[in-house]
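Structure file model-v6.pdb (PDB, C-alpha atoms and all ligand atoms) is printed below.
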ATOM      1  CA  MET A  27       0.000   0.000   0.000
ATOM      2  CA  THR A  28       1.242   3.483  -0.825
ATOM      3  CA  ARG A  29       0.602   6.330   1.613
ATOM      4  CA  LEU A  30       1.300  10.033   1.141
ATOM      5  CA  ARG A  31       2.675  12.120   3.975
ATOM      6  CA  THR A  32       4.649  15.237   4.766
ATOM      7  CA  PRO A  33       8.308  14.332   5.367
ATOM      8  CA  GLU A  34      10.542  15.752   8.093
ATOM      9  CA  PRO A  35      13.266  18.342   7.304
ATOM     10  CA  GLN A  36      15.815  15.864   8.689
ATOM     11  CA  GLN A  37      14.999  13.648   5.696
ATOM     12  CA  ALA A  38      16.336  16.194   3.196
ATOM     13  CA  GLU A  39      19.363  14.072   2.281
ATOM     14  CA  ILE A  40      17.219  10.993   1.658
ATOM     15  CA  LEU A  41      15.061  13.062  -0.683
ATOM     16  CA  THR A  42      18.081  14.447  -2.539
ATOM     17  CA  ALA A  43      19.345  10.897  -3.100
ATOM     18  CA  LEU A  44      15.908   9.889  -4.398
ATOM     19  CA  CYS A  45      15.848  12.813  -6.860
ATOM     20  CA  LEU A  46      19.290  11.927  -8.219
ATOM     21  CA  ARG A  47      18.429   8.214  -8.500
ATOM     22  CA  SER A  48      15.169   8.993 -10.232
ATOM     23  CA  LYS A  49      16.637  11.542 -12.670
ATOM     24  CA  ALA A  50      19.184   8.911 -13.747
ATOM     25  CA  VAL A  51      16.451   6.729 -15.273
ATOM     26  CA  TRP A  52      16.660   8.821 -18.447
ATOM     27  CA  GLY A  53      20.212   7.585 -19.024
ATOM     28  CA  TYR A  54      22.056  10.863 -18.596
ATOM     29  CA  GLY A  55      25.809  10.571 -18.137
ATOM     30  CA  GLU A  56      27.833  11.253 -15.030
ATOM     31  CA  ALA A  57      28.746  14.823 -16.047
ATOM     32  CA  PHE A  58      25.076  15.739 -16.487
ATOM     33  CA  SER A  59      24.198  14.179 -13.120
ATOM     34  CA  VAL A  60      26.910  16.204 -11.405
ATOM     35  CA  ALA A  61      25.659  19.377 -13.092
ATOM     36  CA  CYS A  62      22.076  18.613 -11.955
ATOM     37  CA  ARG A  63      23.006  17.985  -8.341
ATOM     38  CA  PRO A  64      22.513  21.565  -7.040
ATOM     39  CA  ALA A  65      19.082  21.803  -8.698
ATOM     40  CA  LEU A  66      18.078  18.423  -7.250
ATOM     41  CA  THR A  67      19.352  19.051  -3.730
ATOM     42  CA  VAL A  68      16.671  19.282  -1.060
ATOM     43  CA  THR A  69      17.564  21.371   1.991
ATOM     44  CA  GLU A  70      15.842  21.987   5.309
ATOM     45  CA  ASP A  71      14.985  25.514   4.087
ATOM     46  CA  ASP A  72      12.715  23.952   1.457
ATOM     47  CA  TRP A  73      10.206  23.166   4.193
ATOM     48  CA  LYS A  74       9.848  26.927   4.872
ATOM     49  CA  GLN A  75       9.471  27.915   1.222
ATOM     50  CA  SER A  76       7.381  25.182  -0.360
ATOM     51  CA  ASP A  77       5.029  22.261   0.147
ATOM     52  CA  ILE A  78       6.633  18.810   0.070
ATOM     53  CA  GLN A  79       4.980  15.423   0.060
ATOM     54  CA  VAL A  80       6.370  11.918  -0.125
ATOM     55  CA  ALA A  81       4.942   8.547  -1.145
ATOM     56  CA  VAL A  82       5.784   5.779   1.312
ATOM     57  CA  GLN A  83       5.672   1.994   0.884
ATOM     58  CA  ASP A  84       6.644  -0.221   3.837
ATOM     59  CA  ASP A  85       8.397   2.727   5.537
ATOM     60  CA  ASN A  86      10.451   3.407   2.388
ATOM     61  CA  ILE A  87      10.138   6.728   0.572
ATOM     62  CA  VAL A  88       9.438   5.882  -3.076
ATOM     63  CA  GLY A  89       8.467   9.274  -4.445
ATOM     64  CA  MET A  90       8.455  12.966  -3.672
ATOM     65  CA  VAL A  91       6.961  16.181  -4.963
ATOM     66  CA  GLN A  92       7.692  19.813  -4.150
ATOM     67  CA  VAL A  93       5.485  22.784  -5.012
ATOM     68  CA  MET A  94       6.614  26.408  -4.808
ATOM     69  CA  TYR A  95       4.454  29.524  -5.066
ATOM     70  CA  HIS A  96       4.884  32.801  -6.921
ATOM     71  CA  GLY A  97       1.710  34.775  -6.285
ATOM     72  CA  GLU A  98      -1.127  32.889  -7.969
ATOM     73  CA  VAL A  99       1.301  30.633  -9.837
ATOM     74  CA  ALA A 100       2.198  27.283  -8.306
ATOM     75  CA  GLU A 101       5.365  25.719  -9.692
ATOM     76  CA  LEU A 102       5.943  21.984  -9.657
ATOM     77  CA  ASP A 103       9.591  22.201  -8.705
ATOM     78  CA  LYS A 104      10.327  18.490  -8.255
ATOM     79  CA  LEU A 105       8.436  15.263  -8.928
ATOM     80  CA  PHE A 106      10.545  12.140  -8.625
ATOM     81  CA  VAL A 107       9.597   8.477  -8.312
ATOM     82  CA  ASP A 108      12.059   5.780  -7.292
ATOM     83  CA  PRO A 109      13.175   3.751 -10.362
ATOM     84  CA  ALA A 110      11.935   0.545  -8.719
ATOM     85  CA  ALA A 111       8.444   2.000  -8.321
ATOM     86  CA  LEU A 112       7.882   3.538 -11.771
ATOM     87  CA  GLY A 113       4.636   2.858 -13.574
ATOM     88  CA  GLY A 114       2.645   2.099 -10.421
ATOM     89  CA  GLY A 115       0.588   5.274 -10.195
ATOM     90  CA  ILE A 116       2.789   7.070  -7.671
ATOM     91  CA  GLY A 117       3.612   9.923 -10.039
ATOM     92  CA  ARG A 118      -0.093  10.479 -10.661
ATOM     93  CA  ARG A 119      -0.916  10.473  -6.930
ATOM     94  CA  LEU A 120       1.814  12.986  -6.151
ATOM     95  CA  PHE A 121       0.739  15.164  -9.088
ATOM     96  CA  ASP A 122      -2.901  15.049  -7.924
ATOM     97  CA  TRP A 123      -1.768  16.002  -4.416
ATOM     98  CA  SER A 124       0.084  18.999  -5.899
ATOM     99  CA  VAL A 125      -3.020  20.114  -7.778
ATOM    100  CA  ASP A 126      -5.208  19.842  -4.645
ATOM    101  CA  THR A 127      -2.633  21.668  -2.527
ATOM    102  CA  ALA A 128      -2.108  24.441  -5.068
ATOM    103  CA  LEU A 129      -5.882  24.933  -5.322
ATOM    104  CA  ARG A 130      -6.153  25.144  -1.530
ATOM    105  CA  LYS A 131      -3.406  27.782  -1.531
ATOM    106  CA  GLY A 132      -5.369  29.867  -4.043
ATOM    107  CA  ALA A 133      -3.141  29.271  -7.072
ATOM    108  CA  LYS A 134      -4.722  29.689 -10.501
ATOM    109  CA  VAL A 135      -2.183  27.780 -12.575
ATOM    110  CA  LEU A 136       0.359  25.018 -12.010
ATOM    111  CA  THR A 137       3.514  25.318 -14.119
ATOM    112  CA  ILE A 138       6.056  22.619 -14.913
ATOM    113  CA  ASP A 139       9.511  22.864 -16.477
ATOM    114  CA  ALA A 140       9.643  19.227 -17.522
ATOM    115  CA  ASP A 141      12.401  16.803 -18.245
ATOM    116  CA  PRO A 142      11.836  15.900 -21.934
ATOM    117  CA  GLY A 143      11.277  12.269 -20.897
ATOM    118  CA  ALA A 144       8.504  13.251 -18.500
ATOM    119  CA  ALA A 145       6.631  15.744 -20.700
ATOM    120  CA  ASP A 146       4.162  13.131 -22.030
ATOM    121  CA  PHE A 147       3.393  12.094 -18.457
ATOM    122  CA  TYR A 148       2.254  15.660 -17.665
ATOM    123  CA  ARG A 149       0.298  15.855 -20.938
ATOM    124  CA  ARG A 150      -1.410  12.586 -19.987
ATOM    125  CA  LEU A 151      -2.436  14.211 -16.687
ATOM    126  CA  GLY A 152      -3.980  17.208 -18.409
ATOM    127  CA  ALA A 153      -1.177  19.750 -18.643
ATOM    128  CA  ILE A 154      -0.777  21.621 -21.916
ATOM    129  CA  ASP A 155       2.342  22.900 -23.638
ATOM    130  CA  ASP A 156       3.383  26.462 -22.929
ATOM    131  CA  GLY A 157       6.594  26.868 -24.916
ATOM    132  CA  VAL A 158      10.059  26.031 -23.699
ATOM    133  CA  THR A 159      12.285  27.275 -20.928
ATOM    134  CA  ALA A 160      16.058  27.542 -20.760
ATOM    135  CA  SER A 161      17.682  24.939 -18.528
ATOM    136  CA  THR A 162      19.267  26.444 -15.422
ATOM    137  CA  VAL A 163      21.746  23.538 -15.444
ATOM    138  CA  ILE A 164      23.044  23.243 -19.007
ATOM    139  CA  PRO A 165      23.461  26.463 -21.030
ATOM    140  CA  GLY A 166      21.785  26.156 -24.417
ATOM    141  CA  ARG A 167      19.489  23.301 -23.322
ATOM    142  CA  PHE A 168      15.756  23.962 -23.487
ATOM    143  CA  LEU A 169      13.050  22.115 -21.580
ATOM    144  CA  PRO A 170       9.360  21.687 -22.396
ATOM    145  CA  LYS A 171       7.285  24.101 -20.340
ATOM    146  CA  LEU A 172       3.770  22.969 -19.469
ATOM    147  CA  LYS A 173       0.898  24.341 -17.452
ATOM    148  CA  LEU A 174      -2.343  23.186 -15.908
ATOM    149  CA  ASP A 175      -5.202  25.656 -15.575
ATOM    150  CA  LEU A 176      -6.392  25.011 -12.028
ATOM    151  CA  ALA A 177      -9.738  26.729 -12.616
ATOM    152  CA  SER A 178     -10.563  24.037 -15.173
ATOM    153  CA  VAL A 179      -9.666  21.332 -12.658
ATOM    154  CA  ARG A 180     -11.963  22.854 -10.042
ATOM    155  CA  SER A 181     -14.898  23.046 -12.442
ATOM    156  CA  ALA A 182     -14.303  19.555 -13.870
TER     157      ALA A 182
HETATM  158  C1  LIG B   1       7.599  11.060 -14.785
HETATM  159  C2  LIG B   1       7.357  10.178 -13.541
HETATM  160  C3  LIG B   1       7.205  11.113 -12.320
HETATM  161  C4  LIG B   1       6.064   9.389 -13.731
HETATM  162  O1  LIG B   1       5.805   8.650 -12.538
HETATM  163  P1  LIG B   1       5.102   7.197 -12.538
HETATM  164  O2  LIG B   1       4.777   6.860 -11.140
HETATM  165  O3  LIG B   1       5.938   6.244 -13.305
HETATM  166  O4  LIG B   1       3.773   7.523 -13.370
HETATM  167  P2  LIG B   1       2.305   6.846 -13.163
HETATM  168  O5  LIG B   1       2.498   5.378 -13.003
HETATM  169  O6  LIG B   1       1.586   7.583 -12.100
HETATM  170  O7  LIG B   1       1.654   7.156 -14.584
HETATM  171  C5  LIG B   1       0.443   7.879 -14.761
HETATM  172  C6  LIG B   1       0.085   7.828 -16.244
HETATM  173  O8  LIG B   1       1.100   8.488 -17.009
HETATM  174  C7  LIG B   1       1.675   7.574 -17.957
HETATM  175  N1  LIG B   1       3.123   7.839 -17.974
HETATM  176  C8  LIG B   1       3.997   7.689 -16.955
HETATM  177  N2  LIG B   1       5.222   8.070 -17.342
HETATM  178  C9  LIG B   1       5.117   8.443 -18.637
HETATM  179  C10 LIG B   1       6.047   8.940 -19.580
HETATM  180  N3  LIG B   1       7.347   9.133 -19.281
HETATM  181  N4  LIG B   1       5.592   9.258 -20.821
HETATM  182  C11 LIG B   1       4.298   9.076 -21.140
HETATM  183  N5  LIG B   1       3.354   8.622 -20.276
HETATM  184  C12 LIG B   1       3.773   8.309 -19.033
HETATM  185  C13 LIG B   1       1.353   6.192 -17.428
HETATM  186  O9  LIG B   1       1.331   5.249 -18.463
HETATM  187  C14 LIG B   1       0.001   6.407 -16.777
HETATM  188  O10 LIG B   1      -0.957   6.394 -17.806
HETATM  189  P3  LIG B   1      -2.459   5.769 -17.588
HETATM  190  O11 LIG B   1      -3.257   6.907 -17.050
HETATM  191  O12 LIG B   1      -2.848   5.367 -18.960
HETATM  192  O13 LIG B   1      -2.336   4.632 -16.643
HETATM  193  C15 LIG B   1       8.513   9.164 -13.366
HETATM  194  O14 LIG B   1       8.758   8.551 -14.615
HETATM  195  C16 LIG B   1       9.835   9.734 -12.889
HETATM  196  O15 LIG B   1      10.033   9.989 -11.696
HETATM  197  N6  LIG B   1      10.781   9.914 -13.814
HETATM  198  C17 LIG B   1      12.157  10.274 -13.517
HETATM  199  C18 LIG B   1      12.290  11.633 -12.919
HETATM  200  C19 LIG B   1      11.649  12.736 -13.705
HETATM  201  O16 LIG B   1      11.973  12.961 -14.855
HETATM  202  N7  LIG B   1      10.740  13.448 -13.048
HETATM  203  C20 LIG B   1      10.061  14.551 -13.657
HETATM  204  C21 LIG B   1      10.906  15.759 -13.602
HETATM  205  S1  LIG B   1      10.135  17.076 -14.507
END
Could I get this file's structure written as structure tokens?
Amino acid sequence: MTRLRTPEPQQAEILTALCLRSKAVWGYGEAFSVACRPALTVTEDDWKQSDIQVAVQDDNIVGMVQVMYHGEVAELDKLFVDPAALGGGIGRRLFDWSVDTALRKGAKVLTIDADPGAADFYRRLGAIDDGVTASTVIPGRFLPKLKLDLASVRSA
């Protein structure tokens, strides 16, 4: 059984390791993984600045999501599922949690700067394309930008 819960700030390192492990499923090389590390590092300060949720199976954390807020815009900053747990609905549950949480916080739109490998996942869950965004990690790399209109979710 998979449960969702709010993790403790002391678990930041465990979450960073999960993000790095999960990102590696797309087959990026070592140099790319090293370059991504700062962007995928979870710190205790994240608990003050964002909402974080984890998926837990048998006391093991198998997924995490982090949502940040900029006025009425909620940003899906991280969504990572453990490689061993892919394809089991955890990504969808964490995404749905993000949508519910963003709605409760009064956000009007949820934005996602997606890994190219994950873009179809977000499209499957109702997000639509909104151009591209420059990678903060690799100069000259562009990522699919997607968004979900939260008003349409509420009225659905
Ligand atoms: C993208 C990711 C979060 C999806 O998580 P998941 O738990 O495997 O996804 P789910 O099992 O909840 O899938 C939900 C639906 O999306 C589909 N889906 C999942 N991953 C997909 C992908 N990469 N491309 C297209 N569709 C995908 C599933 O088939 C399922 O469809 P269904 O409604 O027909 O059953 C996961 O692959 C992951 O963590 N990837 C590595 C890290 C990453 O890139 N994270 C995103 C950063 S932007």
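Taking atom CA of Glu39 of chain A as the reference point, atom CA of Glu70 of chain A is found at 9.2 Å.
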Assuming the chain letters and numbering stay as they are in my file, what does the PyMOL selection byres (((not hetatm)) within 9 of (chain B and resi 1)) actually select? List them as a compact mmCIF listing (two decimals) with C-alpha atoms, in the frame of the given file.
# COMPACT_ATOMS: atom_id res chain seq x y z
CA CYS A 45 15.85 12.81 -6.86
CA LEU A 46 19.29 11.93 -8.22
CA ARG A 47 18.43 8.21 -8.50
CA SER A 48 15.17 8.99 -10.23
CA LYS A 49 16.64 11.54 -12.67
CA ALA A 50 19.18 8.91 -13.75
CA VAL A 51 16.45 6.73 -15.27
CA TRP A 52 16.66 8.82 -18.45
CA GLY A 89 8.47 9.27 -4.44
CA MET A 90 8.46 12.97 -3.67
CA VAL A 91 6.96 16.18 -4.96
CA LEU A 102 5.94 21.98 -9.66
CA ASP A 103 9.59 22.20 -8.70
CA LYS A 104 10.33 18.49 -8.26
CA LEU A 105 8.44 15.26 -8.93
CA PHE A 106 10.54 12.14 -8.62
CA VAL A 107 9.60 8.48 -8.31
CA ASP A 108 12.06 5.78 -7.29
CA PRO A 109 13.18 3.75 -10.36
CA ALA A 111 8.44 2.00 -8.32
CA LEU A 112 7.88 3.54 -11.77
CA GLY A 113 4.64 2.86 -13.57
CA GLY A 114 2.64 2.10 -10.42
CA GLY A 115 0.59 5.27 -10.20
CA ILE A 116 2.79 7.07 -7.67
CA GLY A 117 3.61 9.92 -10.04
CA ARG A 118 -0.09 10.48 -10.66
CA ARG A 119 -0.92 10.47 -6.93
CA LEU A 120 1.81 12.99 -6.15
CA PHE A 121 0.74 15.16 -9.09
CA ILE A 138 6.06 22.62 -14.91
CA ASP A 139 9.51 22.86 -16.48
CA ALA A 140 9.64 19.23 -17.52
CA ASP A 141 12.40 16.80 -18.24
CA PRO A 142 11.84 15.90 -21.93
CA GLY A 143 11.28 12.27 -20.90
CA ALA A 144 8.50 13.25 -18.50
CA ALA A 145 6.63 15.74 -20.70
CA ASP A 146 4.16 13.13 -22.03
CA PHE A 147 3.39 12.09 -18.46
CA TYR A 148 2.25 15.66 -17.66
CA ARG A 149 0.30 15.86 -20.94
CA ARG A 150 -1.41 12.59 -19.99
CA LEU A 151 -2.44 14.21 -16.69
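Atom CA of Val163 of chain A is found 22.4 Å from atom CA of Val99 of chain A.
With distances taken over all atoms listed in the file, A:Val179 is the one residue among A:Val158, A:Leu169, A:Val179, A:Val82 lying closest to Val125 of chain A.
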Checklist outcome for this item: For Cys62 of chain A, the closest of A:Ile164, A:Ser178, A:Gln75, A:Ala110 counting all atoms listed in the file is A:Ile164
Next on the checklist: Set the distance at 6 Å and use all atoms listed in the file: which residues neighbour segment 28-31 of chain A once local chain neighbours fewer than 3 positions away are removed? I'd like the list as a list in words.
Outcome noted: Gln79, Val80, Ala81, Val82 and Gln83 of chain A
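With distances taken over all atoms listed in the file, A:Asp77 is the one residue among A:Asp156, A:Asp71, A:Asp77, A:Asp84 lying closest to Ala128 of chain A.
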Next on the checklist: To one decimal place in Å, what is the distance between atom CA of Thr67 of chain A and atom CA of Tyr54 of chain A?
Outcome noted: 17.2 Å
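For the choices A:Glu98, A:Asp85, A:Lys131, A:Leu176, the atom-to-atom distance to Met27 of chain A is smallest for A:Asp85 when using only C-alpha atoms.
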Item to check | Top pick for closest residue to Glu101 of chain A, considering A:Thr69, A:Gln37, A:Thr137, A:Thr42 and counting all atoms listed in the file | outcome: A:Thr137
First collect every listed atom of segment 145-151 of chain A; then fit an axis-aligned box around them, widen it by 4 Å on each side, and give centre and edge lengths in Å to one decimal, as lines of an AutoDock Vina configuration file.
center_x = 2.1
center_y = 14.0
center_z = -19.4
size_x = 17.1
size_y = 11.8
size_z = 13.3
Next on the checklist: Nearest residue to Val88 of chain A out of A:Leu44, A:Pro170, A:Pro33, A:Trp73, using all atoms listed in the file?
Outcome noted: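 Checking each candidate against Val88 of chain A, we get A:Leu44 as the closest.
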Next on the checklist: Residues within 10 Å of Asp72 of chain A, please, as a list of chain:residue names. Count all atoms listed in the file; anything in the same chain fewer than 5 positions from it doesn't count.
Outcome noted: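 Final neighbour list, sorted by chain and number: A:Pro35, A:Ala38, A:Thr67, A:Asp77, A:Ile78, A:Gln92, A:Val93, A:Met94.
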